[in-house]
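Enquirer: For reference, the file model.csv (CSV, C-alpha atoms) is included below:
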```csv
chain,number,residue,atom,x,y,z
E,1420,MET,CA,0.0,0.0,0.0
E,1421,ASP,CA,2.6,2.5,-1.1
E,1422,GLU,CA,0.1,4.9,-2.7
E,1423,PRO,CA,-0.7,7.9,-0.5
E,1424,TRP,CA,-4.5,7.2,-0.5
E,1425,ARG,CA,-3.9,3.6,0.5
E,1426,MET,CA,-1.8,4.6,3.4
E,1427,LYS,CA,-4.9,6.3,4.8
E,1428,ALA,CA,-6.6,2.9,4.9
E,1429,ALA,CA,-3.6,1.5,6.9
E,1430,ARG,CA,-3.8,4.4,9.3
E,1431,ALA,CA,-7.5,3.8,9.7
E,1432,ALA,CA,-6.9,0.1,10.5
E,1433,GLU,CA,-4.4,1.0,13.2
E,1434,LEU,CA,-6.7,3.5,14.8
E,1435,ALA,CA,-9.6,1.0,14.7
E,1436,LEU,CA,-7.4,-1.5,16.5
E,1437,ARG,CA,-6.6,1.0,19.2
E,1438,THR,CA,-10.2,1.9,19.6
E,1439,LEU,CA,-11.2,-1.8,20.1
E,1440,ASP,CA,-8.5,-2.0,22.8
E,1441,GLY,CA,-8.6,-5.8,22.8
E,1442,PRO,CA,-6.3,-8.6,22.2
E,1443,SER,CA,-4.8,-8.5,18.6
E,1444,THR,CA,-4.0,-11.7,16.8
E,1445,GLY,CA,-2.5,-9.9,13.8
E,1446,GLY,CA,-3.7,-9.9,10.2
E,1447,THR,CA,-3.1,-8.6,6.7
E,1448,LEU,CA,-5.1,-5.7,5.2
E,1449,ARG,CA,-5.4,-5.8,1.4
E,1450,VAL,CA,-7.1,-2.9,-0.3
E,1451,SER,CA,-8.6,-3.4,-3.8
E,1452,SER,CA,-10.7,-0.7,-5.4
E,1453,ASN,CA,-12.0,0.3,-8.8
E,1454,ILE,CA,-12.6,3.9,-7.7
E,1455,PRO,CA,-10.2,6.3,-9.3
E,1456,PRO,CA,-8.5,8.7,-6.9
E,1457,GLY,CA,-8.4,12.5,-7.2
E,1458,ARG,CA,-11.7,12.8,-8.9
E,1459,GLY,CA,-14.2,13.6,-6.2
E,1460,PHE,CA,-15.7,10.0,-6.0
E,1461,GLY,CA,-14.7,9.6,-2.3
E,1462,SER,CA,-12.1,6.9,-3.1
E,1463,SER,CA,-10.0,7.5,0.1
E,1464,THR,CA,-13.1,7.5,2.4
E,1465,ALA,CA,-14.3,4.3,0.7
E,1466,ASP,CA,-10.9,2.7,1.5
E,1467,VAL,CA,-10.8,4.0,5.0
E,1468,LEU,CA,-14.3,2.8,5.9
E,1469,ALA,CA,-13.6,-0.6,4.4
E,1470,ALA,CA,-10.5,-0.9,6.5
E,1471,ILE,CA,-12.4,0.1,9.6
E,1472,GLY,CA,-15.2,-2.3,8.8
E,1473,ALA,CA,-12.7,-5.1,8.2
E,1474,VAL,CA,-11.0,-4.6,11.6
E,1475,TYR,CA,-14.3,-4.4,13.5
E,1476,ASP,CA,-15.6,-7.5,11.6
E,1477,ALA,CA,-12.5,-9.4,12.6
E,1478,ALA,CA,-13.2,-8.5,16.2
E,1479,GLY,CA,-16.9,-9.6,15.9
E,1480,ARG,CA,-18.2,-6.0,16.1
E,1481,ILE,CA,-19.9,-3.5,13.8
E,1482,PRO,CA,-18.9,0.2,14.0
E,1483,ASP,CA,-21.7,2.7,14.2
E,1484,PRO,CA,-21.6,5.6,11.9
E,1485,LYS,CA,-20.4,8.0,14.6
E,1486,GLU,CA,-17.5,5.8,15.4
E,1487,SER,CA,-16.6,5.4,11.8
E,1488,ALA,CA,-16.8,9.1,11.2
E,1489,VAL,CA,-14.4,9.9,14.1
E,1490,LEU,CA,-11.9,7.3,12.9
E,1491,ALA,CA,-12.2,8.3,9.3
E,1492,VAL,CA,-11.3,11.9,10.0
E,1493,ALA,CA,-8.5,10.9,12.2
E,1494,ALA,CA,-7.1,8.8,9.4
E,1495,GLU,CA,-7.5,11.1,6.5
E,1496,THR,CA,-8.0,14.6,8.0
E,1497,ALA,CA,-11.2,15.2,6.0
E,1498,SER,CA,-13.8,12.6,5.2
E,1499,ASP,CA,-16.9,12.2,3.0
E,1500,ALA,CA,-20.1,11.2,4.7
E,1501,LEU,CA,-20.2,7.7,3.2
E,1502,MET,CA,-20.8,6.2,6.7
E,1503,TYR,CA,-24.4,7.6,6.4
E,1504,PRO,CA,-25.5,5.8,3.1
E,1505,ASP,CA,-29.2,6.0,3.8
E,1506,ARG,CA,-29.4,9.6,5.0
E,1507,ALA,CA,-28.8,13.0,3.4
E,1508,VAL,CA,-26.7,14.9,5.9
E,1509,LEU,CA,-24.7,18.1,6.2
E,1510,PHE,CA,-21.4,16.7,7.4
E,1511,ALA,CA,-18.5,18.6,9.0
E,1512,HIS,CA,-15.8,16.7,7.0
E,1513,ARG,CA,-12.9,17.8,9.2
E,1514,ALA,CA,-14.7,17.2,12.5
E,1515,GLY,CA,-16.4,14.0,11.6
E,1516,GLU,CA,-19.8,15.2,12.9
E,1517,VAL,CA,-23.3,15.5,11.4
E,1518,VAL,CA,-24.2,19.2,11.5
E,1519,ALA,CA,-27.7,18.6,10.2
E,1520,ASP,CA,-29.9,15.7,9.2
E,1521,LEU,CA,-31.8,16.8,6.1
E,1522,GLY,CA,-34.8,14.6,6.9
E,1523,GLY,CA,-34.4,11.4,5.0
E,1524,ALA,CA,-32.7,9.8,2.0
E,1525,LEU,CA,-32.2,11.3,-1.4
E,1526,MET,CA,-35.1,10.9,-3.8
E,1527,PRO,CA,-34.4,8.9,-6.9
E,1528,LEU,CA,-32.1,10.8,-9.2
E,1529,ALA,CA,-30.6,10.1,-12.6
E,1530,VAL,CA,-27.2,11.7,-13.2
E,1531,LEU,CA,-25.1,12.1,-16.3
E,1532,GLY,CA,-21.6,12.4,-14.8
E,1533,PHE,CA,-18.5,13.7,-16.5
E,1534,GLY,CA,-14.9,14.6,-15.9
E,1535,THR,CA,-13.8,18.2,-16.1
E,1536,SER,CA,-10.1,17.8,-16.1
E,1537,GLN,CA,-8.0,17.2,-19.3
E,1538,ALA,CA,-7.7,13.5,-20.1
E,1539,GLY,CA,-9.3,12.6,-16.8
E,1540,ALA,CA,-6.1,13.6,-14.9
E,1541,GLY,CA,-8.0,14.4,-11.7
E,1542,LEU,CA,-6.6,16.6,-8.9
E,1543,ALA,CA,-4.1,16.1,-6.2
E,1544,THR,CA,-6.7,16.2,-3.5
E,1545,LEU,CA,-4.1,15.7,-0.7
E,1546,GLU,CA,-2.6,19.1,-1.7
E,1547,LEU,CA,-5.8,21.1,-1.9
E,1548,PRO,CA,-5.9,23.8,0.8
E,1549,PRO,CA,-9.2,24.1,2.8
E,1550,ALA,CA,-11.7,26.5,1.2
E,1551,ARG,CA,-11.8,29.8,3.0
E,1552,TYR,CA,-15.4,31.0,2.6
E,1553,THR,CA,-16.2,34.7,2.9
E,1554,VAL,CA,-18.8,36.0,5.3
E,1555,TRP,CA,-21.1,36.5,2.3
E,1556,GLU,CA,-20.6,32.9,1.1
E,1557,ILE,CA,-21.3,31.5,4.5
E,1558,GLU,CA,-24.5,33.5,4.7
E,1559,ALA,CA,-25.5,32.3,1.2
E,1560,PHE,CA,-25.2,28.7,2.3
E,1561,ARG,CA,-27.9,29.2,5.0
E,1562,PRO,CA,-30.9,29.5,2.7
E,1563,LEU,CA,-29.4,26.8,0.5
E,1564,LEU,CA,-29.4,24.4,3.5
E,1565,GLY,CA,-33.1,25.2,4.2
E,1566,MET,CA,-33.9,24.6,0.6
E,1567,ALA,CA,-32.1,21.3,0.6
E,1568,ARG,CA,-33.9,20.2,3.7
E,1569,ARG,CA,-37.2,21.1,2.1
E,1570,ALA,CA,-36.3,19.4,-1.2
E,1571,ILE,CA,-35.4,16.2,0.7
E,1572,ARG,CA,-38.6,16.3,2.8
E,1573,THR,CA,-41.0,17.0,0.0
E,1574,ARG,CA,-39.1,14.9,-2.7
E,1575,ASP,CA,-38.7,18.0,-4.8
E,1576,LEU,CA,-36.0,17.1,-7.4
E,1577,ASP,CA,-36.2,20.5,-9.2
E,1578,LEU,CA,-35.5,22.4,-6.0
E,1579,LEU,CA,-32.7,20.1,-5.1
E,1580,GLY,CA,-31.3,20.7,-8.6
E,1581,ARG,CA,-31.4,24.4,-8.0
E,1582,VAL,CA,-29.5,24.0,-4.7
E,1583,ALA,CA,-26.8,21.9,-6.4
E,1584,THR,CA,-26.4,24.6,-9.1
E,1585,ALA,CA,-26.1,27.4,-6.6
E,1586,SER,CA,-23.6,25.4,-4.6
E,1587,ALA,CA,-21.6,24.8,-7.7
E,1588,ARG,CA,-21.6,28.5,-8.5
E,1589,LEU,CA,-20.2,29.3,-5.0
E,1590,ASN,CA,-17.5,26.7,-5.5
E,1591,GLN,CA,-16.2,28.4,-8.6
E,1592,ARG,CA,-14.1,30.8,-6.5
E,1593,HIS,CA,-12.4,28.0,-4.7
E,1594,LEU,CA,-12.1,25.1,-7.2
E,1595,PRO,CA,-13.2,26.5,-10.6
E,1596,VAL,CA,-14.6,24.2,-13.2
E,1597,PRO,CA,-13.4,25.0,-16.8
E,1598,GLY,CA,-16.2,26.1,-19.1
E,1599,PHE,CA,-18.7,26.4,-16.2
E,1600,GLU,CA,-21.1,28.7,-18.0
E,1601,ASP,CA,-21.1,26.5,-21.0
E,1602,LEU,CA,-22.0,23.5,-18.8
E,1603,LEU,CA,-24.8,25.5,-17.3
E,1604,GLY,CA,-26.0,26.2,-20.8
E,1605,ILE,CA,-26.0,22.5,-21.7
E,1606,GLY,CA,-28.0,21.8,-18.6
E,1607,GLU,CA,-30.6,24.3,-19.5
E,1608,ALA,CA,-30.8,23.1,-23.1
E,1609,VAL,CA,-31.4,19.5,-22.2
E,1610,GLY,CA,-33.8,20.3,-19.3
E,1611,ALA,CA,-31.6,19.0,-16.5
E,1612,ALA,CA,-32.8,19.8,-12.9
E,1613,GLY,CA,-29.4,21.1,-12.0
E,1614,LEU,CA,-25.6,20.9,-12.2
E,1615,GLN,CA,-23.6,19.4,-9.4
E,1616,VAL,CA,-19.8,19.5,-9.0
E,1617,ALA,CA,-17.3,17.9,-6.7
E,1618,HIS,CA,-15.9,20.3,-4.2
E,1619,SER,CA,-12.6,18.3,-3.9
E,1620,GLY,CA,-12.3,16.7,-7.3
E,1621,ASP,CA,-12.8,17.2,-11.0
E,1622,VAL,CA,-16.1,15.4,-11.6
E,1623,ALA,CA,-19.5,17.0,-12.2
E,1624,GLY,CA,-22.9,15.8,-13.3
E,1625,LEU,CA,-26.2,16.9,-14.8
E,1626,VAL,CA,-29.1,15.9,-12.5
E,1627,PHE,CA,-32.3,14.6,-14.1
E,1628,ASP,CA,-35.7,13.2,-13.0
E,1629,PRO,CA,-35.4,9.5,-13.7
E,1630,CYS,CA,-39.1,9.3,-14.5
E,1631,LEU,CA,-38.9,11.5,-17.6
E,1632,PRO,CA,-40.3,9.6,-20.5
E,1633,ASP,CA,-37.6,11.1,-22.9
E,1634,LEU,CA,-34.7,10.7,-20.4
E,1635,ALA,CA,-32.6,8.7,-22.8
E,1636,VAL,CA,-33.0,11.3,-25.5
E,1637,ARG,CA,-32.0,14.1,-23.1
E,1638,THR,CA,-28.9,12.4,-21.8
E,1639,ASP,CA,-27.8,11.4,-25.3
E,1640,ASP,CA,-28.3,15.1,-26.4
E,1641,ALA,CA,-26.2,16.2,-23.3
E,1642,ARG,CA,-23.4,13.7,-24.3
E,1643,LYS,CA,-23.2,15.2,-27.8
E,1644,ARG,CA,-23.1,18.8,-26.4
E,1645,LEU,CA,-20.5,17.8,-23.9
E,1646,ASP,CA,-18.5,16.2,-26.7
E,1647,ALA,CA,-18.6,19.4,-28.7
E,1648,LEU,CA,-16.9,21.1,-25.7
E,1649,GLY,CA,-14.2,18.4,-25.6
E,1650,VAL,CA,-15.7,16.6,-22.6
E,1651,ARG,CA,-15.7,12.9,-23.7
E,1652,GLU,CA,-15.5,11.1,-20.4
E,1653,THR,CA,-19.1,10.5,-19.2
E,1654,TRP,CA,-21.0,7.9,-17.2
E,1655,TYR,CA,-24.7,7.5,-16.3
E,1656,PHE,CA,-26.0,6.3,-13.0
E,1657,THR,CA,-29.1,6.5,-10.7
E,1658,THR,CA,-29.2,6.9,-7.0
E,1659,GLY,CA,-31.6,7.4,-4.1
E,1660,GLY,CA,-35.0,5.7,-3.6
```
Kindly present the structure from the file in structure tokens form.
Expert:
Amino acid sequence: MDEPWRMKAARAAELALRTLDGPSTGGTLRVSSNIPPGRGFGSSTADVLAAIGAVYDAAGRIPDPKESAVLAVAAETASDALMYPDRAVLFAHRAGEVVADLGGALMPLAVLGFGTSQAGAGLATLELPPARYTVWEIEAFRPLLGMARRAIRTRDLDLLGRVATASARLNQRHLPVPGFEDLLGIGEAVGAAGLQVAHSGDVAGLVFDPCLPDLAVRTDDARKRLDALGVRETWYFTTGG
């Protein structure tokens, strides 16, 4: 595990062993993943949580999400909220704490994801400095949080899409996406609910209602428009439910 992101998993395993504070019979941790690093997919958090889960499983225990969150942050400094797979939460990624539960799981979504870096190079996420938000930006997040909570509670996909787009706009000062306005234009042209971007990676996605009868036509049109911008790395997935 000589890659930097794999070393986080080794650190997580060590911390989990200390937390269990029981007899250790030894073992070997092997990490295998098909999630590319440096893109915003949460690859390092996936490795870390898998390592924590493996150690607890070997001890005959199951970590609760709070335990996993504390260990994950200790292992990798900043963590995604993957330990809460069935809840939409506002997560303090450097404290390992849930700031707000948004009231349930995500509604079903269809997403046409794509890379925004040249040739899928990704970003050196370990080297990214923490975002320093202005007072205005912090205040702008407050109504967005309320809108997100309402969108989750009422299953309003269009409102959630607007929140995602607004958040993406705020992120432009900190981790700008090339051709952002063009991407917004594509979203409007194909009738996407919104545009979401990774805040610590190079991936983005157009969010759609999975129940649209012409969804395949819209996503195909979006791929063609992205290709015209030079964006050829795309993938389609659904989530929520």
Enquirer: Please measure the separation of CA of Thr1447 (chain E) and CA of Ala1494 (chain E), giving the value in Å to one decimal.
Expert: 18.1 Å
Enquirer: Which of these, E:Ser1536, E:Ser1498, E:Asn1590, E:Ser1619, has the shortest distance to Thr1653 (chain E) once you count all atoms listed in the file?
Expert: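 Closest residue, counting all atoms listed in the file: E:Ser1536.
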Enquirer: Choose the residue, out of E:Thr1657, E:Asp1505, E:Val1450, E:Leu1434, that has the smallest atom-to-atom separation from Ile1471 (chain E); count only C-alpha atoms.
Expert: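 Using only C-alpha atoms, the shortest distance to Ile1471 (chain E) belongs to E:Leu1434.
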Enquirer: Residues at most 8 Å from Arg1637 (chain E), counting all atoms listed in the file, excluding those fewer than 3 positions away in the same chain, as a list in words?
Expert: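 The residues satisfying every condition are Val1609, Gly1610, Asp1633, Leu1634, Asp1640 and Ala1641 of chain E.
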Enquirer: Compile the contact shell of Ser1451 (chain E) as a list in words: residues with an atom at most 12 Å away, counting all atoms listed in the file, same-chain residues fewer than 6 positions apart removed.
Expert: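 Returned residues: Met1420, Trp1424, Arg1425, Ala1428, Ser1462, Ser1463, Ala1465, Asp1466, Val1467, Ala1469 and Ala1470 of chain E.
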Enquirer: Determine the nearest neighbour of Ile1557 (chain E) from the options E:Ala1493, E:Leu1603, E:Leu1589, E:Ile1454, counting only C-alpha atoms.
Expert: E:Leu1589
Enquirer: For CA of Phe1460 (chain E) and CA of Arg1644 (chain E), determine how far apart the two atoms are, in Å to one decimal place.
Expert: 23.4 Å
Enquirer: Mind pulling up the distance from CA of Pro1455 (chain E) to CA of Ala1507 (chain E)?
Expert: 23.5 Å
Enquirer: For a quick check of understanding, using all atoms listed in the file, which of E:Glu1516, E:Glu1607, E:Glu1556, E:Asp1601 has the smallest distance to Leu1490 (chain E)?
Expert: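 Of all the options, E:Glu1516 lies closest to Leu1490 (chain E).
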Enquirer: Restricting the calculation to all atoms listed in the file: of E:Ala1432, E:Tyr1655, E:Val1508, E:Asn1453, which residue gets closest to Gly1472 (chain E)?
Expert: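 Between E:Ala1432, E:Tyr1655, E:Val1508, E:Asn1453, the residue approaching Gly1472 (chain E) most closely is E:Ala1432.
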Enquirer: Check the smallest atom-to-atom distance from each of E:Arg1437, E:Arg1581, E:Arg1569, E:Arg1506 to Ala1612 (chain E) using only C-alpha atoms, then report the winner.
Expert: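 Closest candidate: E:Arg1581.
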Enquirer: Residues around (-27.1, 24.1, 11.4), cut-off 12 Å, counting all atoms listed in the file - what are they as a PyMOL selection string?
Expert: chain E and resi 1508-1511+1516-1521+1557-1558+1560-1565+1568
Enquirer: Excluding Asp1646 (chain E) and any residue of its chain fewer than 3 positions from it, enumerate the residues within 12 Å of it, using only C-alpha atoms, and give them as a list in words.
Expert: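 Residues near the query, excluding close chain neighbours: Phe1533, Gly1534, Thr1535, Leu1602, Ile1605, Asp1639, Asp1640, Ala1641, Arg1642, Lys1643, Gly1649, Val1650, Arg1651, Glu1652 and Thr1653 of chain E.
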Enquirer: Keeping only C-alpha atoms, write the selected residues as a tab-separated table (two decimals), in the frame of the given file.
Expert:
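Output (out_4.tsv):
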```tsv
chain	number	residue	atom	x	y	z
E	1533	PHE	CA	-18.50	13.70	-16.50
E	1534	GLY	CA	-14.90	14.60	-15.90
E	1535	THR	CA	-13.80	18.20	-16.10
E	1602	LEU	CA	-22.00	23.50	-18.80
E	1605	ILE	CA	-26.00	22.50	-21.70
E	1639	ASP	CA	-27.80	11.40	-25.30
E	1640	ASP	CA	-28.30	15.10	-26.40
E	1641	ALA	CA	-26.20	16.20	-23.30
E	1642	ARG	CA	-23.40	13.70	-24.30
E	1643	LYS	CA	-23.20	15.20	-27.80
E	1649	GLY	CA	-14.20	18.40	-25.60
E	1650	VAL	CA	-15.70	16.60	-22.60
E	1651	ARG	CA	-15.70	12.90	-23.70
E	1652	GLU	CA	-15.50	11.10	-20.40
E	1653	THR	CA	-19.10	10.50	-19.20
```
Enquirer: Rebuild region 1470-1487 of chain E to N, CA, C and O atoms - output it as an mmCIF file, keeping the file's coordinate frame, please.
Expert:
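The result, stored in selection_12.cif:
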```cif
data_model
loop_
_atom_site.group_PDB
_atom_site.id
_atom_site.type_symbol
_atom_site.label_atom_id
_atom_site.label_comp_id
_atom_site.auth_asym_id
_atom_site.auth_seq_id
_atom_site.Cartn_x
_atom_site.Cartn_y
_atom_site.Cartn_z
ATOM 1 N N ALA E 1470 -11.533 -0.415 5.560
ATOM 2 C CA ALA E 1470 -10.500 -0.900 6.500
ATOM 3 C C ALA E 1470 -11.052 -0.929 7.917
ATOM 4 O O ALA E 1470 -10.828 -1.899 8.664
ATOM 5 N N ILE E 1471 -11.774 0.114 8.303
ATOM 6 C CA ILE E 1471 -12.400 0.100 9.600
ATOM 7 C C ILE E 1471 -13.353 -1.006 9.804
ATOM 8 O O ILE E 1471 -13.351 -1.722 10.816
ATOM 9 N N GLY E 1472 -14.186 -1.200 8.792
ATOM 10 C CA GLY E 1472 -15.200 -2.300 8.800
ATOM 11 C C GLY E 1472 -14.514 -3.649 8.935
ATOM 12 O O GLY E 1472 -14.993 -4.539 9.652
ATOM 13 N N ALA E 1473 -13.397 -3.826 8.217
ATOM 14 C CA ALA E 1473 -12.700 -5.100 8.200
ATOM 15 C C ALA E 1473 -12.131 -5.409 9.616
ATOM 16 O O ALA E 1473 -12.216 -6.540 10.117
ATOM 17 N N VAL E 1474 -11.546 -4.404 10.256
ATOM 18 C CA VAL E 1474 -11.000 -4.600 11.600
ATOM 19 C C VAL E 1474 -12.071 -4.904 12.603
ATOM 20 O O VAL E 1474 -11.940 -5.827 13.422
ATOM 21 N N TYR E 1475 -13.156 -4.145 12.558
ATOM 22 C CA TYR E 1475 -14.300 -4.400 13.500
ATOM 23 C C TYR E 1475 -14.866 -5.787 13.237
ATOM 24 O O TYR E 1475 -15.220 -6.511 14.183
ATOM 25 N N ASP E 1476 -15.003 -6.150 11.961
ATOM 26 C CA ASP E 1476 -15.600 -7.500 11.600
ATOM 27 C C ASP E 1476 -14.701 -8.583 12.187
ATOM 28 O O ASP E 1476 -15.207 -9.593 12.704
ATOM 29 N N ALA E 1477 -13.380 -8.417 12.092
ATOM 30 C CA ALA E 1477 -12.500 -9.400 12.600
ATOM 31 C C ALA E 1477 -12.611 -9.580 14.125
ATOM 32 O O ALA E 1477 -12.350 -10.653 14.685
ATOM 33 N N ALA E 1478 -13.045 -8.490 14.786
ATOM 34 C CA ALA E 1478 -13.200 -8.500 16.200
ATOM 35 C C ALA E 1478 -14.670 -8.897 16.615
ATOM 36 O O ALA E 1478 -15.027 -8.871 17.793
ATOM 37 N N GLY E 1479 -15.489 -9.198 15.599
ATOM 38 C CA GLY E 1479 -16.900 -9.600 15.900
ATOM 39 C C GLY E 1479 -17.764 -8.413 16.233
ATOM 40 O O GLY E 1479 -18.785 -8.586 16.898
ATOM 41 N N ARG E 1480 -17.392 -7.214 15.782
ATOM 42 C CA ARG E 1480 -18.200 -6.000 16.100
ATOM 43 C C ARG E 1480 -18.525 -5.261 14.820
ATOM 44 O O ARG E 1480 -17.918 -5.463 13.772
ATOM 45 N N ILE E 1481 -19.498 -4.379 14.945
ATOM 46 C CA ILE E 1481 -19.900 -3.500 13.800
ATOM 47 C C ILE E 1481 -19.797 -2.074 14.292
ATOM 48 O O ILE E 1481 -20.427 -1.697 15.297
ATOM 49 N N PRO E 1482 -19.009 -1.247 13.612
ATOM 50 C CA PRO E 1482 -18.900 0.200 14.000
ATOM 51 C C PRO E 1482 -20.164 0.926 13.706
ATOM 52 O O PRO E 1482 -20.769 0.709 12.649
ATOM 53 N N ASP E 1483 -20.600 1.814 14.604
ATOM 54 C CA ASP E 1483 -21.700 2.700 14.200
ATOM 55 C C ASP E 1483 -21.202 3.842 13.430
ATOM 56 O O ASP E 1483 -19.994 4.106 13.403
ATOM 57 N N PRO E 1484 -22.079 4.554 12.738
ATOM 58 C CA PRO E 1484 -21.600 5.600 11.900
ATOM 59 C C PRO E 1484 -20.790 6.699 12.597
ATOM 60 O O PRO E 1484 -19.816 7.227 12.039
ATOM 61 N N LYS E 1485 -21.156 7.023 13.842
ATOM 62 C CA LYS E 1485 -20.400 8.000 14.600
ATOM 63 C C LYS E 1485 -18.973 7.584 14.839
ATOM 64 O O LYS E 1485 -18.020 8.361 14.701
ATOM 65 N N GLU E 1486 -18.807 6.315 15.224
ATOM 66 C CA GLU E 1486 -17.500 5.800 15.400
ATOM 67 C C GLU E 1486 -16.657 5.810 14.154
ATOM 68 O O GLU E 1486 -15.487 6.212 14.139
ATOM 69 N N SER E 1487 -17.296 5.385 13.074
ATOM 70 C CA SER E 1487 -16.600 5.400 11.800
ATOM 71 C C SER E 1487 -16.195 6.765 11.348
ATOM 72 O O SER E 1487 -15.101 6.968 10.809
#
```
